[in-house]
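Worksheet for the structure shown next.
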Amino acid sequence: MSAQAPPHPARPRFRWPPNGTGQFVALALVFLANYLVSPQFFDIRLQDGRLFGSLVDVFYRGAPVALLALGMTLVIATRGIDLSVGAVMAIVGAVAASLADTEPFALTLAVSLGIGLLCGVWNGFLVAVLRIQPIVATLILMVAGRGIAQLITEGRIVTFYSEALAWFARGTVLTVPAPIVLLLAVFLLTLLLVRGTALGLMIEATGANDRAAALAGVGTYATTILVYVWSGLCAALAGLVVAADIRGADANNAGLWLELDAILAVVIGGTSLFGGRFHLGLAVVGAFIIQAMNTGILLSGFPPEFNLIVKAVAVLLVLLMQSPALQGLFERLTRRGS
Amino acid sequence: MRRFLPLLLTVAVFLIGFAACTVQFPAFASTRVAANLLTDNAFLGVTAVGMTFVIISGGIDLSVGSVIAFTSVLIAVLVGQGVPPFAAFALVLVLAALFGAGMGAVIHYLRMPPFIVTLAGMFLARGAAFMVSVDAVPINDPFYAGLYDLSFRLPGGGRLTLIAMIMLATFAFGIALAQFTRFGTNVYALGGNRVSAGLMGVPIARTTVLLYALSSVLAALAGIVFSFYTSAGYALSAVGVELDTIAAVVIGGTLLTGGQGFVFGTLIGVLIQGLIQTYIVFDGTLSSWWTKIVVGLLLFGFIVFQQTLLGLSRRSGLGAARG
């Protein structure tokens, strides 16, 4: 008997454009708009062994949100959401800045990542084991986390001199600023983790229907906890980058509202908030679209507050494009017309 | 009776907290402290009434803080240019109603999660507030000062201010709306189970649109209250109020999965948060960020409690499907 199973309906493991065409076109359009506003947008110069320029700045400034978006994509793919990443960034920044000048760097790094891990385990425990809605479960850490960060810094802005920690923002690898290299490394690692193993499939299965996935033998508990842990780790790295950038920790403002930018990046990247299929690379592109818009508004001389309106319009556009109901609405309208 | 258990727990926590404060600081039990508790949290309370309805329906509204900021800035600018305050109030309330109705329509007709739609609303309203004015705008209208001083003297030296009375009136209105009107029943039905509510004949579209319009109108009213309270309008004010409000609603015993909750519980939830802040002020040595940590802990405690209740009722076959 030929044990040939019928062709599996699952999609091919590596999908490439046309899937992401929209996002890349959008990014190109924003770049073009920036170029029209400021003709030196694409100028890149080498100075002290580091690349400088508006374009480099987009990637440099966008890296923390892109890091968050990597973790957030996996969380959203399980039909979850992680509101606590900004607060985790604040905690990690506060701890790292407090330790950096007195403790060896390896310890600082280990403690920082450990905190990200712990925060992720906490969120994952609430969502997977206690079965609390993700918005609410992560809201707890979002509210309490910033308080904890302020407790660590005692309400001050803690500065540090450690060159090793400052490397996370100021350092370069082959002239490329460290945050961009870090992002690339984490991106490849995440891609390897979810697409090189069955993990990605399990995440999608959990998000599409967790009960069915559990019955089919997917360890939904472990999968759910793991995505929140990954999100916590990404947030910890983003926290280090932001702290290194200002050479200090500001518990009030570090990572403030970045969770919303990260969610926006994931949504722009085409990952549905209803779980299931996810796109890591496109989420990163989404993060850069957001940052490129920010930079463009700054270059054009509009008040930076204008940003919020642009962001709102971007969210609405994405909503319109992704809305599961839009086709249904269209049908209803045409039916009513006939 | 199980329905009232979260509410009873909330009231018990508040009473125990108040008693503990009184034992430590005898001056705590005065009408002055009680009246200030109401005044200082008036804008939070007014917002929380709207949020309670939204959460009972199974939704969420992240835009309220931005709506408060927008309202306060717009009023400050309008009044500064000589528009009569009441005309300014009417204008912002109408604008807010349209804004909320728009969000409700997007949520219903495009079938998008309230979370992301109201997130867009949050950006939009905050951005619009900055468009009106980037600076903090003081309000010097004599009418304003007069209204703020308008208060009701309580025995014991407390002053029940106008804005505290507005908050209490809003809560009375909210309780009546939730318990004694068809709209209230529809909101509960929507939160219990959207599909079966629709099959029972609940007008889902109208209820959703009205619901978010209500939340935005109350947020705008909170903005008016806030402008009384601070005598200024500033686009950066009321950042994070949406979180405080959601926390107050949850601590007040409303189930975040929707379908269950009481407007009265939210009042207690707001007062518990105010109590923590007042305690920190009385103590004088604790830093104010302890508020956030304690509120986080309370949130955790209440959610775990609710989850346990839900699990128990599910096991005994009384509960509905999980949300």
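For the structure tokens, the naming scheme is as follows: chains receive sequential letters (A, B, ...) according to their order of presentation, residues are indexed from 1 within each chain, and ligands are indexed from 1 in presentation order.
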Show which residues sit within 9 Å of Ser300 in chain A, as a ChimeraX atom specification. Count only C-alpha atoms, and ignore same-chain residues fewer than 3 positions away. /A:34,37-38,295-297,303
Give one line per residue of chain B that approaches chain A to at most 10 Å, naming the two atoms of the closest pair and their distance in Å to one decimal, counting only C-alpha atoms; sort by chain then ascending residue number and deliver it as CSV.
residue,atom,partner,partner_atom,distance
B:Ile60,CA,A:Ile135,CA,9.8
B:Val106,CA,A:Leu319,CA,9.1
B:Ile107,CA,A:Ser323,CA,9.9
B:His108,CA,A:Ala325,CA,9.1
B:Tyr109,CA,A:Ala325,CA,6.8
B:Leu110,CA,A:Ala325,CA,4.9
B:Arg111,CA,A:Ala325,CA,5.7
B:Met112,CA,A:Ser323,CA,6.4
B:Pro113,CA,A:Leu273,CA,7.8
B:Phe115,CA,A:Ile135,CA,8.9
B:Ile116,CA,A:Val315,CA,8.0
B:Val117,CA,A:Leu316,CA,7.6
B:Thr118,CA,A:Ala312,CA,9.8
B:Leu119,CA,A:Leu260,CA,7.9
B:Ala120,CA,A:Ala312,CA,4.6
B:Gly121,CA,A:Ala312,CA,6.8
B:Met122,CA,A:Ala312,CA,7.9
B:Phe123,CA,A:Leu308,CA,5.0
B:Leu124,CA,A:Ile309,CA,5.1
B:Ala125,CA,A:Ile309,CA,8.1
B:Arg126,CA,A:Leu308,CA,6.9
B:Gly127,CA,A:Leu308,CA,4.8
B:Ala128,CA,A:Ile309,CA,7.0
B:Ala129,CA,A:Glu305,CA,9.1
B:Phe130,CA,A:Glu305,CA,6.0
B:Met131,CA,A:Phe306,CA,7.3
B:Val134,CA,A:Glu305,CA,8.2
B:Ala235,CA,A:Glu305,CA,9.9
B:Gly240,CA,A:Val143,CA,9.4
B:Leu243,CA,A:Val143,CA,7.5
B:Asp244,CA,A:Val143,CA,8.5
B:Ile246,CA,A:Val136,CA,9.2
B:Ala247,CA,A:Leu139,CA,8.8
B:Val250,CA,A:Val136,CA,9.3
B:Leu256,CA,A:Val136,CA,7.7
B:Thr257,CA,A:Gln133,CA,7.7
B:Ser287,CA,A:Leu151,CA,8.1
B:Ser288,CA,A:Gly147,CA,8.7
B:Trp289,CA,A:Gly147,CA,4.9
B:Trp290,CA,A:Gly147,CA,6.3
B:Thr291,CA,A:Gly147,CA,7.6
B:Lys292,CA,A:Ala144,CA,5.2
B:Ile293,CA,A:Ala144,CA,4.3
B:Val294,CA,A:Ala144,CA,7.4
B:Val295,CA,A:Ala144,CA,7.1
B:Gly296,CA,A:Ala144,CA,4.6
B:Leu297,CA,A:Ala144,CA,7.4
B:Leu298,CA,A:Ile140,CA,9.0
B:Leu299,CA,A:Ile140,CA,6.4
B:Phe300,CA,A:Ile140,CA,6.4
B:Ile303,CA,A:Ile132,CA,7.6
B:Val304,CA,A:Leu130,CA,7.5
B:Gln306,CA,A:Ile132,CA,9.6
B:Gln307,CA,A:Ile132,CA,7.1
B:Thr308,CA,A:Leu130,CA,8.7
B:Gly311,CA,A:Arg131,CA,9.8
B:Arg322,CA,A:Arg131,CA,9.7
B:Gly323,CA,A:Gln133,CA,8.4
Skipping near chain neighbours, those fewer than 4 positions away, what residues fall within 10 Å of range 160-174 of chain A using only C-alpha atoms, listed as a ChimeraX atom specification? /A:49-51,60-61,96-106,108-109,178-182,237-249
For the selection just defined, write its residues with C-alpha atoms to a file, as a JSON list (two decimals), in the first residue's frame.
[["chain", "number", "residue", "atom", "x", "y", "z"],
["A", 49, "GLY", "CA", 34.16, 54.57, 10.75],
["A", 50, "ARG", "CA", 30.39, 54.92, 11.00],
["A", 51, "LEU", "CA", 27.76, 55.56, 8.37],
["A", 60, "TYR", "CA", 18.99, 53.36, 13.36],
["A", 61, "ARG", "CA", 15.97, 55.01, 14.99],
["A", 96, "ALA", "CA", 21.27, 48.09, 33.05],
["A", 97, "ALA", "CA", 22.09, 51.75, 33.72],
["A", 98, "SER", "CA", 22.28, 51.09, 37.46],
["A", 99, "LEU", "CA", 24.59, 48.08, 37.08],
["A", 100, "ALA", "CA", 26.72, 49.11, 34.10],
["A", 101, "ASP", "CA", 29.36, 51.16, 35.94],
["A", 102, "THR", "CA", 29.88, 48.89, 38.93],
["A", 103, "GLU", "CA", 29.38, 45.35, 37.67],
["A", 104, "PRO", "CA", 31.12, 43.48, 34.84],
["A", 105, "PHE", "CA", 29.39, 43.89, 31.52],
["A", 106, "ALA", "CA", 28.59, 40.19, 31.16],
["A", 108, "THR", "CA", 24.74, 43.47, 33.28],
["A", 109, "LEU", "CA", 23.81, 41.83, 30.02],
["A", 178, "ALA", "CA", 25.15, 48.42, 16.16],
["A", 179, "PRO", "CA", 21.33, 48.60, 16.55],
["A", 180, "ILE", "CA", 20.89, 47.72, 12.88],
["A", 181, "VAL", "CA", 23.31, 44.79, 13.19],
["A", 182, "LEU", "CA", 21.60, 43.66, 16.36],
["A", 237, "LEU", "CA", 17.35, 44.21, 23.82],
["A", 238, "ALA", "CA", 15.36, 47.23, 22.64],
["A", 239, "GLY", "CA", 15.59, 48.62, 26.18],
["A", 240, "LEU", "CA", 19.39, 48.25, 26.10],
["A", 241, "VAL", "CA", 19.58, 50.04, 22.74],
["A", 242, "VAL", "CA", 17.42, 52.93, 23.94],
["A", 243, "ALA", "CA", 19.34, 53.25, 27.22],
["A", 244, "ALA", "CA", 22.65, 53.16, 25.35],
["A", 245, "ASP", "CA", 21.42, 55.79, 22.91],
["A", 246, "ILE", "CA", 20.90, 58.40, 25.64],
["A", 247, "ARG", "CA", 23.59, 56.91, 27.92],
["A", 248, "GLY", "CA", 21.08, 56.74, 30.68],
["A", 249, "ALA", "CA", 17.76, 55.38, 31.82]]
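Of the residues under consideration (B:Val263, B:Val202, B:Ile55, B:Leu162), B:Val263 shows the shortest atom-to-atom contact distance to Leu177 in chain B when counting only C-alpha atoms.
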Counting only C-alpha atoms, figure out which residue out of A:Ser84, A:Thr159, A:Ser112, A:Asn294 gets nearest to Ala236 in chain A. A:Ser112
Report, in Å with one decimal, the straight-line distance from CA of Ala42 in chain B to CA of Ala220 in chain B.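 The value is 12.8 Å.
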What's the 10 Å shell around Phe226 in chain B, counting only C-alpha atoms, without same-chain residues fewer than 5 positions away, as a PyMOL selection string? chain B and resi 40-44+68-69+71-72+163+219-221+231-233+237-238
Please provide as a list in words all residues within 9 Å of range 31-39 of chain B, with the sequence filter that same-chain residues fewer than 5 positions apart are discarded (counting only C-alpha atoms).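 The filter keeps Gly45, Leu154, Pro155, Gly156, Gly157, Gly158, Arg159, Leu160, Thr161, Leu162, Ile163, Ala164, Met165, Met167, Leu168, Tyr229, Leu271, Gly274, Leu275 and Thr278 of chain B.
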Quick one, how far is CA of Tyr212 in chain B from CA of Thr170 in chain B?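 Atom-to-atom, CA of Tyr212 in chain B to CA of Thr170 in chain B, that is 16.3 Å.
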Going by DSSP on the backbone, which bits of range 249-283 of chain A are alpha helix (DSSP H)? Write them as a PDB file with C-alpha atoms, in the first residue's frame, please.
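The result, stored in out.pdb:
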ATOM      1  CA  LEU A 258       6.487  52.029  21.750  1.00  0.00           C
ATOM      2  CA  GLU A 259       4.198  49.039  22.335  1.00  0.00           C
ATOM      3  CA  LEU A 260       1.627  50.799  20.192  1.00  0.00           C
ATOM      4  CA  ASP A 261       4.174  51.508  17.451  1.00  0.00           C
ATOM      5  CA  ALA A 262       5.243  47.867  17.538  1.00  0.00           C
ATOM      6  CA  ILE A 263       1.652  46.663  17.242  1.00  0.00           C
ATOM      7  CA  LEU A 264       1.129  49.112  14.402  1.00  0.00           C
ATOM      8  CA  ALA A 265       4.258  47.802  12.663  1.00  0.00           C
ATOM      9  CA  VAL A 266       3.000  44.225  12.942  1.00  0.00           C
ATOM     10  CA  VAL A 267      -0.417  45.203  11.601  1.00  0.00           C
ATOM     11  CA  ILE A 268       1.127  47.137   8.710  1.00  0.00           C
ATOM     12  CA  LEU A 280       8.280  38.534  10.430  1.00  0.00           C
ATOM     13  CA  GLY A 281      10.137  40.392   7.699  1.00  0.00           C
ATOM     14  CA  LEU A 282       7.163  42.520   6.770  1.00  0.00           C
ATOM     15  CA  ALA A 283       6.705  43.558  10.402  1.00  0.00           C
TER      16      ALA A 283
END
Skip Gly102 in chain B itself and residues of its chain fewer than 3 positions away, then list as a tab-separated table (two decimals) with C-alpha atoms, in the first residue's frame all residues within 8 Å of it, counting only C-alpha atoms.
chain	number	residue	atom	x	y	z
B	98	LEU	CA	-19.45	62.25	16.15
B	99	PHE	CA	-15.93	61.00	16.84
B	105	ALA	CA	-19.21	52.44	13.01
B	106	VAL	CA	-15.72	51.36	11.95
B	209	VAL	CA	-22.27	53.06	17.51
B	213	ALA	CA	-20.40	57.71	21.09
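For the atom pair formed by CA of Ala96 in chain B and CA of Asn252 in chain A, the distance is 29.5 Å, given to one decimal.
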Polymer residues at most 12 Å from Pro142 in chain B, only C-alpha atoms, same-chain spacing of 2 or more positions, as a ChimeraX atom specification: /B:79-80,82,84-85,139-140,144-149,228,231
Take the residues from that selection and put them in a file with C-alpha atoms, as an mmCIF file, in the first residue's frame.
data_model
loop_
_atom_site.group_PDB
_atom_site.id
_atom_site.type_symbol
_atom_site.label_atom_id
_atom_site.label_comp_id
_atom_site.auth_asym_id
_atom_site.auth_seq_id
_atom_site.Cartn_x
_atom_site.Cartn_y
_atom_site.Cartn_z
ATOM 1 C CA VAL B 79 -12.853 80.509 25.588
ATOM 2 C CA GLY B 80 -9.643 82.482 25.160
ATOM 3 C CA GLY B 82 -14.196 85.046 23.578
ATOM 4 C CA PRO B 84 -19.057 81.761 25.641
ATOM 5 C CA PRO B 85 -18.058 78.691 27.709
ATOM 6 C CA ILE B 139 -8.274 79.809 30.988
ATOM 7 C CA ASN B 140 -8.862 83.217 32.576
ATOM 8 C CA TYR B 144 -14.645 79.565 35.122
ATOM 9 C CA ALA B 145 -13.260 80.754 38.432
ATOM 10 C CA GLY B 146 -16.794 81.275 39.665
ATOM 11 C CA LEU B 147 -17.849 77.773 38.742
ATOM 12 C CA TYR B 148 -14.835 76.180 40.356
ATOM 13 C CA ASP B 149 -15.530 77.964 43.629
ATOM 14 C CA PHE B 228 -12.354 73.260 35.518
ATOM 15 C CA SER B 231 -8.075 75.962 34.628
#
Between B:Ala178, B:Val11, B:Ala136, B:Val217, which residue has the minimum interatomic distance to Leu91 in chain B, considering only C-alpha atoms?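 Going through B:Ala178, B:Val11, B:Ala136, B:Val217 one by one, the smallest distance to Leu91 in chain B is for B:Val217.
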